[in-house]
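Here the structure is laid out as structure tokens; the discussion comes afterwards.
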Amino acid sequence: MALGGTIWSILGLEPTNDEREVRRAYARRLKEVHPEDDAEGFQALREAYERALDMARRGWAVPPARKPRKKKAETVIDAPASDDRWADDDADRWTEPEADSGEGWNDAGTDRWDVAPPPSAPEPKLSPEIAAELEAEKARLAAHAALCDQLEGLLRQTTAPSGDALGIMLRIFRSPAMDSLRVHANTEYWLAHAIARGGPAADSLIESAVKFFGWDSGRVGVDMSHAQPVLQRRETALIIERLARPMTVGHDAWKALRTKQTLFRRIADRLDPFLSRQVTDLLARAAHDLPDLYSHLDPDAVATWRARLAHPRFSALFLLSLLIVPPILALIAVSTGAFGPTALLNILAAWVVALAAMTGIGAAWVNGVLKPAREWADRYPWDAPLWKRLGWAPAAAALLTVAPFFSNMDWLWPGILLAGLGLVAWARIVTAHIPPPPMSRYRISEFIGVVPILFYVLSLPASASQPTLIAAMVSATLVFRFGGHAIVQEWLYQSPDRQRLTSLVLIVGAVVVGGLAVLTARTGAPGLAVGLVCGFAFMDRALATDRFGPAFQFRRIWLTTGWFGALFVSGFGEAMAKTAPAAFAVWLVIAGVITGAAAFLPEPGRKKRKPGALA
């Protein structure tokens with residue numbers, strides 16, 4: 001049943017200033033009024049309890065008695081509270097005389113509030129000015145509430161015009177009822193919730209609402225938690241706007257996750273060599289930072305990509321190579337007579353053999369490297385011994401140093417190459433927990449440390465370029481390509497003292513390697529020189545990756561232009577063949593000295609302050 005009457009009759013209690021009596025009466029009535037059976041009655045009981053408790057707390061239910069005065073003053077009643085959302089703070093103390101509590105001064109001149117005026121008691125008289133102001137206030141609150149209800153209805157729709165929603169919100173901001181502080185605060189909280197949970201039309205309201213209420217200004221001492229969902233939705237909208245523009249980073253992933261997954265679309269996505277990385281990054285960002293992105297993606301596309309990324313597979317680049325490389329190898333094999341005379345059947349047989357060999361290599365890489373790498377990353381690999389995490393780096397450098405001693409054994413190069421591929425697999429597995437740099441970072445400047453090494457190898461006499469040394473060079477290049485970024489990450493996590501110790505070892509090693517390279521090059525053993533210098537140069541390049549500062553800027557300039565000096569020192573003509581290896585070795589070794597000296601220089605951006613200066 002719906003409850004009616006004054007707040008005291010709803011509670012079944014006489015007016016009192018005792019808060020305990022109000023709570024007891026409310027507890028008794030709760031046994032009779034259940035929200036499941038009578039929601040309207042429960043709401044009325046709750047409102048009556050809150051207002052009665054407030055009046056008792058302030059001592060307004062039973063005002064203290066005063067001495068009667070000879071002349072009775074005219075009673076003035078302030079504005080009623082017509083809507084709890086938009087009412088003023090001081091409105092709770094007053095009630096409408098003809099509804100709700102019916103309290104007011106009685107005609108006997110006493111100073112207490114009556115529970116209800118007697119039937120014959122005359123209603124309080126209001127001056128015309130106050131009555132007109134009360135009606136105007138009611139009209140303003142009603143108009144404001146109507147605009148809010150209209151806007152809320154539009155935001156719940158999925159096809160509502162954004163222009164209509166923005167126009168209604170601007171009318172709410174210009175509403176006269178917003179002059180009230182409580183109406184302004186309640187509107188702010190309500191609108192933040194409505195925009196955060198609204199449909200597509202809510203996106204057009206974000207900027208205007210943020211500027212009007214100053215949600216992004218960081219107001220001191222104000223709880224802005226209600227505005228955080230709106231700010232997060234604005235960030236999502238900005239990211240979506242950027243992703244929707246072609247030729248931007250992540251646009252292909254955004255398009256793939258919004259497109260219906262047909263057979264042709266799956267094949268096209270599978271052959272894109274860079275799409276898997278972009279989709280992985282976008283899904284990770286949606287899962288951790290911007291969950292609102294999921295509402296703009298196709299659920300089937302997201303499920304398909306998650307299933308595709310859950311297990312290691314052949315990369316798109318490898319699939320493309322399966323389409324291109326086997327036919328080329330088959331034509332070369334038949335043209336050289338390895339498969340007999342040139343015939344269609346022989347070409348087909350060579351193609352099948354090449355395709356089977358490449359497929360076997362790919363399957364071995366997926367099952368022998370990619371799956372163990374994922375298992376390694378799922379554990380906490382930072383607790384593993386240092387030799388297990390970075391032992392492949394000195395092993396690759398040692399392979400370069402040892403290979404020249406077997407330069408006369410041309411048949412040994414397959415073993416050197418297999419050993420190098422083992423080191424590549426080792427480096428790829430134990431560095432899986434460290435994300436590699438994005439593909440956009442692979443610019444020409446990133447290969448400055450490798451190009452001089454190759455240039456140095458080309459400057460050696462032809463007799464030094466033996467197959468075993470070439471196999472070791474290819475293996476070391478692949479090893480440091482897959483794991484070089486892990487070396488600098490490990491170095492950055494070390495303490496400053498250990499960093500300086502490592503840098504000092506690097507400087508001493510540069511001097512020793514440079515001296516040995518000059519001696520071996522001049523004594524007719526350029527193979528050993530190239531092994532020592534290349535192994536050291538690869539380590540130096542790994543330690544210099546992703547590090548910045550004046551020293552590393554000078555290092556890049558030195559590696560880019562220093563070979564002119566090495567060429568000038570080595571001379572020309574016949575003397576160049578003897579002196580060029582030593583000159584180019586010194587050129588690369590000096591780069592390692594610069595890398596080691598960078599740890600002893602002050603960090604860029606930090607200025608030394610005088611004693612007593614403000615921090």
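Letters A, B, ... mark the chains of the structure tokens in the order given; residue numbers begin at 1 per chain; ligand numbers begin at 1, in order shown.
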For this session: Find the residues near segment 372-386 of chain A: any atom within 6 Å, counting only C-alpha atoms, skip ones fewer than 3 places away on the same chain, and give them as an MDAnalysis selection string.
Result: chainID A and resid 369 389:390 429 432:433
Problem set entry | Å distance separating atom CA of Thr248 of chain A from atom CA of Gln278 of chain A, one decimal place | 11.4 Å
Problem set entry | Atom-to-atom span, atom CA of Leu271 of chain A and atom CA of Ala310 of chain A, Å | 17.6 Å
Exercise. Do you know which residues are at most 12 Å from segment 399-414 of chain A counting only C-alpha atoms, after dropping those on the same chain fewer than 6 positions away, and could you put them as a PyMOL selection string?
Worked result: chain A and resi 392-393+420-423+463-477+479+513+516-517+520+525-539
Exercise. What gap, in Å, lies between atom CA of Leu519 of chain A and atom CA of Ala583 of chain A?
Worked result: 11.6 Å
Using DSSP on the backbone, list every residue of segment 110-335 of chain A that comes out as helix (DSSP H, G or I), and give them as a PDB file with C-alpha atoms, in the first residue's frame.
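part-v4.pdb written:
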ATOM      1  CA  PRO A 128       1.914  37.948  -3.208  1.00  0.00           C
ATOM      2  CA  GLU A 129       5.591  38.521  -3.906  1.00  0.00           C
ATOM      3  CA  ILE A 130       6.671  35.366  -2.018  1.00  0.00           C
ATOM      4  CA  ALA A 131       3.916  33.284  -3.569  1.00  0.00           C
ATOM      5  CA  ALA A 132       4.935  34.399  -7.042  1.00  0.00           C
ATOM      6  CA  GLU A 133       8.573  33.620  -6.312  1.00  0.00           C
ATOM      7  CA  LEU A 134       7.645  30.150  -5.044  1.00  0.00           C
ATOM      8  CA  GLU A 135       5.687  29.415  -8.205  1.00  0.00           C
ATOM      9  CA  ALA A 136       8.522  30.707 -10.362  1.00  0.00           C
ATOM     10  CA  GLU A 137      10.994  28.494  -8.489  1.00  0.00           C
ATOM     11  CA  LYS A 138       8.757  25.474  -8.994  1.00  0.00           C
ATOM     12  CA  ALA A 139       8.520  26.249 -12.686  1.00  0.00           C
ATOM     13  CA  ARG A 140      12.317  26.581 -13.030  1.00  0.00           C
ATOM     14  CA  LEU A 141      12.943  23.271 -11.271  1.00  0.00           C
ATOM     15  CA  ALA A 142      10.275  21.523 -13.325  1.00  0.00           C
ATOM     16  CA  ALA A 143      11.681  22.880 -16.586  1.00  0.00           C
ATOM     17  CA  HIS A 144      15.202  21.876 -15.586  1.00  0.00           C
ATOM     18  CA  ALA A 145      14.100  18.343 -14.661  1.00  0.00           C
ATOM     19  CA  ALA A 146      12.188  18.034 -17.952  1.00  0.00           C
ATOM     20  CA  LEU A 147      15.298  18.960 -19.957  1.00  0.00           C
ATOM     21  CA  CYS A 148      17.393  16.434 -18.038  1.00  0.00           C
ATOM     22  CA  ASP A 149      14.820  13.693 -18.607  1.00  0.00           C
ATOM     23  CA  GLN A 150      14.692  14.547 -22.315  1.00  0.00           C
ATOM     24  CA  LEU A 151      18.477  14.391 -22.632  1.00  0.00           C
ATOM     25  CA  GLU A 152      18.653  11.122 -20.714  1.00  0.00           C
ATOM     26  CA  GLY A 153      16.100   9.603 -23.091  1.00  0.00           C
ATOM     27  CA  LEU A 154      18.164  10.640 -26.113  1.00  0.00           C
ATOM     28  CA  LEU A 155      21.379   9.232 -24.649  1.00  0.00           C
ATOM     29  CA  ARG A 156      19.758   5.834 -24.155  1.00  0.00           C
ATOM     30  CA  SER A 162      24.168  14.040 -31.744  1.00  0.00           C
ATOM     31  CA  GLY A 163      23.165  17.611 -32.632  1.00  0.00           C
ATOM     32  CA  ASP A 164      19.876  17.318 -30.746  1.00  0.00           C
ATOM     33  CA  ALA A 165      21.603  15.959 -27.634  1.00  0.00           C
ATOM     34  CA  LEU A 166      24.184  18.759 -27.688  1.00  0.00           C
ATOM     35  CA  GLY A 167      21.473  21.414 -28.055  1.00  0.00           C
ATOM     36  CA  ILE A 168      19.533  20.068 -25.063  1.00  0.00           C
ATOM     37  CA  MET A 169      22.680  19.941 -22.924  1.00  0.00           C
ATOM     38  CA  LEU A 170      23.487  23.563 -23.743  1.00  0.00           C
ATOM     39  CA  ARG A 171      19.929  24.526 -22.736  1.00  0.00           C
ATOM     40  CA  ILE A 172      20.512  22.717 -19.422  1.00  0.00           C
ATOM     41  CA  PHE A 173      23.688  24.738 -18.865  1.00  0.00           C
ATOM     42  CA  PRO A 176      18.022  29.491 -14.532  1.00  0.00           C
ATOM     43  CA  ALA A 177      17.850  26.610 -12.047  1.00  0.00           C
ATOM     44  CA  MET A 178      21.616  26.158 -12.417  1.00  0.00           C
ATOM     45  CA  ASP A 179      22.083  29.288 -10.276  1.00  0.00           C
ATOM     46  CA  LEU A 181      24.665  25.414  -6.008  1.00  0.00           C
ATOM     47  CA  ARG A 182      22.927  22.155  -5.211  1.00  0.00           C
ATOM     48  CA  VAL A 183      21.206  21.973  -8.586  1.00  0.00           C
ATOM     49  CA  HIS A 184      24.545  22.700 -10.244  1.00  0.00           C
ATOM     50  CA  ALA A 185      26.325  19.938  -8.264  1.00  0.00           C
ATOM     51  CA  ASN A 186      23.556  17.373  -8.791  1.00  0.00           C
ATOM     52  CA  THR A 187      23.462  18.156 -12.510  1.00  0.00           C
ATOM     53  CA  GLU A 188      27.237  17.653 -12.730  1.00  0.00           C
ATOM     54  CA  TYR A 189      27.111  14.229 -11.093  1.00  0.00           C
ATOM     55  CA  TRP A 190      24.068  13.126 -13.079  1.00  0.00           C
ATOM     56  CA  LEU A 191      25.485  14.289 -16.409  1.00  0.00           C
ATOM     57  CA  ALA A 192      28.841  12.574 -15.785  1.00  0.00           C
ATOM     58  CA  HIS A 193      27.035   9.284 -15.212  1.00  0.00           C
ATOM     59  CA  ALA A 194      24.758   9.796 -18.229  1.00  0.00           C
ATOM     60  CA  ILE A 195      27.642  10.550 -20.610  1.00  0.00           C
ATOM     61  CA  ALA A 196      29.775   7.664 -19.355  1.00  0.00           C
ATOM     62  CA  ARG A 197      26.922   5.173 -19.842  1.00  0.00           C
ATOM     63  CA  PRO A 200      26.866   7.103 -29.463  1.00  0.00           C
ATOM     64  CA  ALA A 201      25.267  10.546 -29.079  1.00  0.00           C
ATOM     65  CA  ALA A 202      27.129  11.005 -25.777  1.00  0.00           C
ATOM     66  CA  ASP A 203      30.461  11.393 -27.604  1.00  0.00           C
ATOM     67  CA  SER A 204      29.414  14.821 -28.909  1.00  0.00           C
ATOM     68  CA  LEU A 205      28.754  16.056 -25.349  1.00  0.00           C
ATOM     69  CA  ILE A 206      32.125  15.210 -23.807  1.00  0.00           C
ATOM     70  CA  GLU A 207      34.159  18.292 -24.744  1.00  0.00           C
ATOM     71  CA  SER A 208      31.443  20.800 -23.818  1.00  0.00           C
ATOM     72  CA  ALA A 209      30.750  19.092 -20.496  1.00  0.00           C
ATOM     73  CA  VAL A 210      34.459  18.857 -19.616  1.00  0.00           C
ATOM     74  CA  LYS A 211      34.991  22.562 -20.310  1.00  0.00           C
ATOM     75  CA  PHE A 212      31.810  23.680 -18.519  1.00  0.00           C
ATOM     76  CA  PHE A 213      32.500  21.775 -15.300  1.00  0.00           C
ATOM     77  CA  SER A 225      36.080  10.402  -9.442  1.00  0.00           C
ATOM     78  CA  HIS A 226      32.692  10.901 -11.098  1.00  0.00           C
ATOM     79  CA  ALA A 227      34.400  12.562 -14.083  1.00  0.00           C
ATOM     80  CA  GLN A 228      37.054   9.883 -14.641  1.00  0.00           C
ATOM     81  CA  PRO A 229      34.817   7.643 -16.823  1.00  0.00           C
ATOM     82  CA  VAL A 230      34.019  10.657 -19.010  1.00  0.00           C
ATOM     83  CA  LEU A 231      37.692  11.574 -19.384  1.00  0.00           C
ATOM     84  CA  GLN A 232      38.503   7.965 -20.207  1.00  0.00           C
ATOM     85  CA  ARG A 233      35.761   7.951 -22.840  1.00  0.00           C
ATOM     86  CA  ARG A 234      37.201  11.154 -24.312  1.00  0.00           C
ATOM     87  CA  GLU A 235      40.646   9.556 -24.526  1.00  0.00           C
ATOM     88  CA  THR A 236      39.095   6.552 -26.238  1.00  0.00           C
ATOM     89  CA  ALA A 237      37.346   8.816 -28.750  1.00  0.00           C
ATOM     90  CA  LEU A 238      40.616  10.600 -29.553  1.00  0.00           C
ATOM     91  CA  ILE A 239      42.419   7.300 -30.061  1.00  0.00           C
ATOM     92  CA  ILE A 240      39.614   6.023 -32.294  1.00  0.00           C
ATOM     93  CA  GLU A 241      39.767   9.208 -34.339  1.00  0.00           C
ATOM     94  CA  ARG A 242      43.510   8.705 -34.819  1.00  0.00           C
ATOM     95  CA  LEU A 243      43.192   5.013 -35.628  1.00  0.00           C
ATOM     96  CA  HIS A 251      45.211   1.762 -38.563  1.00  0.00           C
ATOM     97  CA  ASP A 252      45.608  -1.660 -40.152  1.00  0.00           C
ATOM     98  CA  ALA A 253      44.992  -3.393 -36.806  1.00  0.00           C
ATOM     99  CA  TRP A 254      41.949  -1.176 -36.177  1.00  0.00           C
ATOM    100  CA  LYS A 255      40.569  -2.051 -39.604  1.00  0.00           C
ATOM    101  CA  ALA A 256      41.227  -5.760 -39.129  1.00  0.00           C
ATOM    102  CA  LEU A 257      39.432  -5.867 -35.768  1.00  0.00           C
ATOM    103  CA  ARG A 258      36.382  -4.051 -37.180  1.00  0.00           C
ATOM    104  CA  LEU A 263      37.683 -16.394 -45.897  1.00  0.00           C
ATOM    105  CA  PHE A 264      39.357 -13.863 -48.169  1.00  0.00           C
ATOM    106  CA  ARG A 265      39.860 -11.458 -45.251  1.00  0.00           C
ATOM    107  CA  ARG A 266      41.483 -14.150 -43.093  1.00  0.00           C
ATOM    108  CA  ILE A 267      43.911 -15.094 -45.849  1.00  0.00           C
ATOM    109  CA  ALA A 268      44.827 -11.445 -46.474  1.00  0.00           C
ATOM    110  CA  ASP A 269      45.399 -10.797 -42.757  1.00  0.00           C
ATOM    111  CA  ARG A 270      47.418 -13.982 -42.440  1.00  0.00           C
ATOM    112  CA  LEU A 275      49.629  -7.013 -38.756  1.00  0.00           C
ATOM    113  CA  SER A 276      49.989  -9.550 -35.928  1.00  0.00           C
ATOM    114  CA  ARG A 277      52.241  -7.247 -33.889  1.00  0.00           C
ATOM    115  CA  GLN A 278      49.870  -4.287 -34.346  1.00  0.00           C
ATOM    116  CA  VAL A 279      46.795  -6.342 -33.403  1.00  0.00           C
ATOM    117  CA  THR A 280      48.579  -7.687 -30.314  1.00  0.00           C
ATOM    118  CA  ASP A 281      49.446  -4.160 -29.153  1.00  0.00           C
ATOM    119  CA  LEU A 282      45.922  -2.846 -29.784  1.00  0.00           C
ATOM    120  CA  LEU A 283      44.229  -5.725 -27.943  1.00  0.00           C
ATOM    121  CA  ALA A 284      46.631  -5.302 -25.003  1.00  0.00           C
ATOM    122  CA  ARG A 285      45.822  -1.597 -24.803  1.00  0.00           C
ATOM    123  CA  ALA A 286      42.094  -2.280 -24.930  1.00  0.00           C
ATOM    124  CA  ALA A 287      42.378  -4.893 -22.179  1.00  0.00           C
ATOM    125  CA  HIS A 288      44.456  -2.813 -19.761  1.00  0.00           C
ATOM    126  CA  PRO A 291      38.171  -1.103 -22.264  1.00  0.00           C
ATOM    127  CA  ASP A 292      35.724   1.167 -24.127  1.00  0.00           C
ATOM    128  CA  LEU A 293      37.535   0.235 -27.349  1.00  0.00           C
ATOM    129  CA  TYR A 294      35.821  -3.152 -27.311  1.00  0.00           C
ATOM    130  CA  SER A 295      32.441  -1.542 -27.992  1.00  0.00           C
ATOM    131  CA  HIS A 296      33.809  -0.259 -31.326  1.00  0.00           C
ATOM    132  CA  PRO A 299      33.291  -9.410 -31.606  1.00  0.00           C
ATOM    133  CA  ASP A 300      33.875 -12.152 -34.206  1.00  0.00           C
ATOM    134  CA  ALA A 301      37.059 -10.453 -35.416  1.00  0.00           C
ATOM    135  CA  VAL A 302      38.348 -10.092 -31.843  1.00  0.00           C
ATOM    136  CA  ALA A 303      37.608 -13.759 -31.082  1.00  0.00           C
ATOM    137  CA  THR A 304      39.302 -14.893 -34.316  1.00  0.00           C
ATOM    138  CA  TRP A 305      42.434 -12.873 -33.623  1.00  0.00           C
ATOM    139  CA  ARG A 306      42.626 -14.005 -29.998  1.00  0.00           C
ATOM    140  CA  ALA A 307      42.462 -17.642 -31.107  1.00  0.00           C
ATOM    141  CA  ARG A 308      45.126 -16.959 -33.750  1.00  0.00           C
ATOM    142  CA  LEU A 309      47.491 -15.261 -31.279  1.00  0.00           C
ATOM    143  CA  ALA A 316      53.305 -14.096 -42.443  1.00  0.00           C
ATOM    144  CA  LEU A 317      56.812 -13.454 -43.760  1.00  0.00           C
ATOM    145  CA  PHE A 318      57.574 -17.184 -43.651  1.00  0.00           C
ATOM    146  CA  LEU A 319      54.332 -18.014 -45.475  1.00  0.00           C
ATOM    147  CA  LEU A 320      55.213 -15.520 -48.183  1.00  0.00           C
ATOM    148  CA  SER A 321      58.665 -17.061 -48.479  1.00  0.00           C
ATOM    149  CA  LEU A 322      57.038 -20.490 -48.944  1.00  0.00           C
ATOM    150  CA  LEU A 323      55.260 -19.095 -51.982  1.00  0.00           C
ATOM    151  CA  ILE A 324      58.332 -17.425 -53.512  1.00  0.00           C
ATOM    152  CA  VAL A 325      61.533 -19.221 -52.457  1.00  0.00           C
ATOM    153  CA  PRO A 326      60.823 -22.908 -53.380  1.00  0.00           C
ATOM    154  CA  PRO A 327      60.088 -22.185 -57.071  1.00  0.00           C
ATOM    155  CA  ILE A 328      63.257 -20.095 -57.325  1.00  0.00           C
ATOM    156  CA  LEU A 329      65.334 -22.835 -55.676  1.00  0.00           C
ATOM    157  CA  ALA A 330      63.777 -25.419 -57.972  1.00  0.00           C
ATOM    158  CA  LEU A 331      64.692 -23.455 -61.088  1.00  0.00           C
ATOM    159  CA  ILE A 332      68.260 -22.949 -59.841  1.00  0.00           C
ATOM    160  CA  ALA A 333      68.648 -26.645 -59.008  1.00  0.00           C
ATOM    161  CA  VAL A 334      67.386 -27.773 -62.392  1.00  0.00           C
ATOM    162  CA  SER A 335      69.432 -25.200 -64.290  1.00  0.00           C
TER     163      SER A 335
END
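Compared by their closest atoms to Ser315 of chain A, and using only C-alpha atoms, the residues A:Leu30, A:Val488, A:Val366, A:Leu11 rank with A:Val366 nearest.
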